[in-house]
Amino acid sequence: MAIRTDIALTKKEVEIFKKFKALSVNEEPLPQGDGTIRISPFDDYVSFTLFDDVEGQDSPIDLSNVGTISLVFVGEKDEIRIPNYTQVQDIDLSQGQVLFRIDKESSKKILALDNNNFYVSTRMVDVNSASDETVLYTGKFLGLTDAAQQSLTSKLDDLTLEYTKELASKDEEIATLKSKVSELENKLSAALATIQTLQASNLNLTNEVATLSEALGSTSEQLLESAASAQALAEEQVKLNQQVVAQQTNKNSKAFYRVAARNMETNATSSNNS
């Protein structure tokens with residue numbers, strides 16, 4: 001099968017792709033029952049590092065003096081026991097490390113079992129007797145194809161959960177933004193209503209100013225006409241006054257002349273009599 005490695009990916013796609021990379025089963029401690037091993041139809045090597053909880057910390061179990069360690073598969077009609085494999089130098093029993101080699105024939109028998117449980121057990125054995133067998137750890141096994149499918153499904157489920165949380169977070173952000181948009185729309189609507197009210201008021205004021213200006217214009221013309229009439233009447237009155245004064249002056253002058261003439265006549269008569 002050819003695998004393409006020249007596919008262009010975005011940054012987000014690269015992050016997602018990395019999450020599909022298979023991780024070793026011993027990279028994180030798993031509680032009782034949660035561990036899963038993979039069994040193929042061929043020779044398999046399965047390693048464990050067993051821990052015990054000591055004051056809230058994972059502490060490796062010293063397996064160097066616990067007796068015979070076995071990987072056991074128990075079915076309805078069959079039982080397969082795999083002893084720990086010691087033909088290696090990098091396995092340290094004192095640090096809880098143990099390795100099992102499952103040959104091809106045993107792998108086929110295991111895959112044919114009617115359940116998929118496995119057990120890591122220990123039992124002290126000496127020349128004369130054997131102690132009760134104790135289970136150190138239990139978990140599940142899967143065929144290689146099933147394991148790959150389950151691993152992919154599990155990762156897809158994890159991704160689905162992650163993106164569900166992201167979508168929920170985005171939905172909350174969208175709801176918050178919608179609320180803010182609605183609030184701004186209400187404020188805008190109120191502002192537009194105020195503007196329309198002001199525009200109507202301004203139009204009324206404009207009309208009133210126009211009417212007042214028109215009225216003031218007509219009144220000004222009337223006032224000017226009245227002022228002009230009053231000025232004409234004043235001038236006419238002045239003329240009449242001047243004429244009356246002139247006439248009165250003329251009358252006074254004539255009366256003076258008459259009195260003067262009589263005085264002269266009287267004086268002349270008196271002279272003649274003398």
# chains A, B, ... in the order shown; residues from 1 in each chain; ligands from 1
>>> select_by_dssp(residues="region 71-198 of chain A", states="helix (DSSP H, G or I)", output="ChimeraX atom specification")
/A:93-95,104-111,144-198
>>> residues_around(residues="Asp90 (chain A)", least_positions_apart="5", cutoff="10 Å", atoms="only C-alpha atoms", output="PDB file with N, CA and C atoms, in the first residue's frame")
ATOM      1  N   GLN A  97       9.303  -3.722  35.155  1.00  0.00           N
ATOM      2  CA  GLN A  97       9.280  -4.016  33.724  1.00  0.00           C
ATOM      3  C   GLN A  97       9.258  -5.534  33.504  1.00  0.00           C
ATOM      4  N   VAL A  98       8.388  -5.954  32.601  1.00  0.00           N
ATOM      5  CA  VAL A  98       8.294  -7.373  32.274  1.00  0.00           C
ATOM      6  C   VAL A  98       7.941  -7.508  30.794  1.00  0.00           C
ATOM      7  N   LEU A  99       8.489  -8.540  30.163  1.00  0.00           N
ATOM      8  CA  LEU A  99       8.286  -8.754  28.727  1.00  0.00           C
ATOM      9  C   LEU A  99       7.781 -10.166  28.505  1.00  0.00           C
TER      10      LEU A  99
END
>>> residues_around(residues="Pro41 (chain A)", least_positions_apart="6", cutoff="8 Å", atoms="only C-alpha atoms", output="VMD selection string")
chain A and resid 104 107 to 108 111
>>> write_last_selection(atoms="C-alpha atoms", output="PDB file, in the first residue's frame")
ATOM      1  CA  LYS A 104       2.658 -17.617  16.402  1.00  0.00           C
ATOM      2  CA  SER A 107      -1.280 -16.034  19.089  1.00  0.00           C
ATOM      3  CA  LYS A 108      -3.674 -18.053  16.914  1.00  0.00           C
ATOM      4  CA  LEU A 111      -7.374 -14.976  18.861  1.00  0.00           C
TER       5      LEU A 111
END
>>> residues_around(residues="Val72 (chain A)", least_positions_apart="5", cutoff="7 Å", atoms="only C-alpha atoms", output="ChimeraX atom specification")
/A:80-82,118-120
>>> atom_distance(atom1="CA of Glu79 (chain A)", atom2="CA of Ser64 (chain A)")
25.3 Å
>>> select_by_dssp(residues="region 98-141 of chain A", states="strand (DSSP E)", output="PyMOL selection string")
chain A and resi 98-102+117-123+134-141
>>> atom_distance(atom1="CA of Asp44 (chain A)", atom2="CA of Ser106 (chain A)")
9.5 Å
>>> closest_residue(among="A:Ala112, A:Ala210, A:Ile61, A:Ala193", to="Glu76 (chain A)", atoms="only C-alpha atoms")
A:Ala112
>>> atom_distance(atom1="CA of Arg38 (chain A)", atom2="CA of Asn115 (chain A)")
14.0 Å
>>> closest_residue(among="A:Thr134, A:Thr176, A:Ser226, A:Ser182", to="Ser121 (chain A)", atoms="only C-alpha atoms")
A:Thr134
>>> residues_around(residues="Val46 (chain A)", least_positions_apart="2", cutoff="10 Å", atoms="only C-alpha atoms", output="ChimeraX atom specification")
/A:25,37-39,44,48,71,84-85,98-102
>>> residues_around(residues="Asp58 (chain A)", least_positions_apart="6", cutoff="12 Å", atoms="only C-alpha atoms", output="ChimeraX atom specification")
/A:28-31,49-52,95-96
>>> closest_residue(among="A:Ser47, A:Ser229, A:Asn116, A:Gln242", to="Leu142 (chain A)", atoms="only C-alpha atoms")
A:Asn116
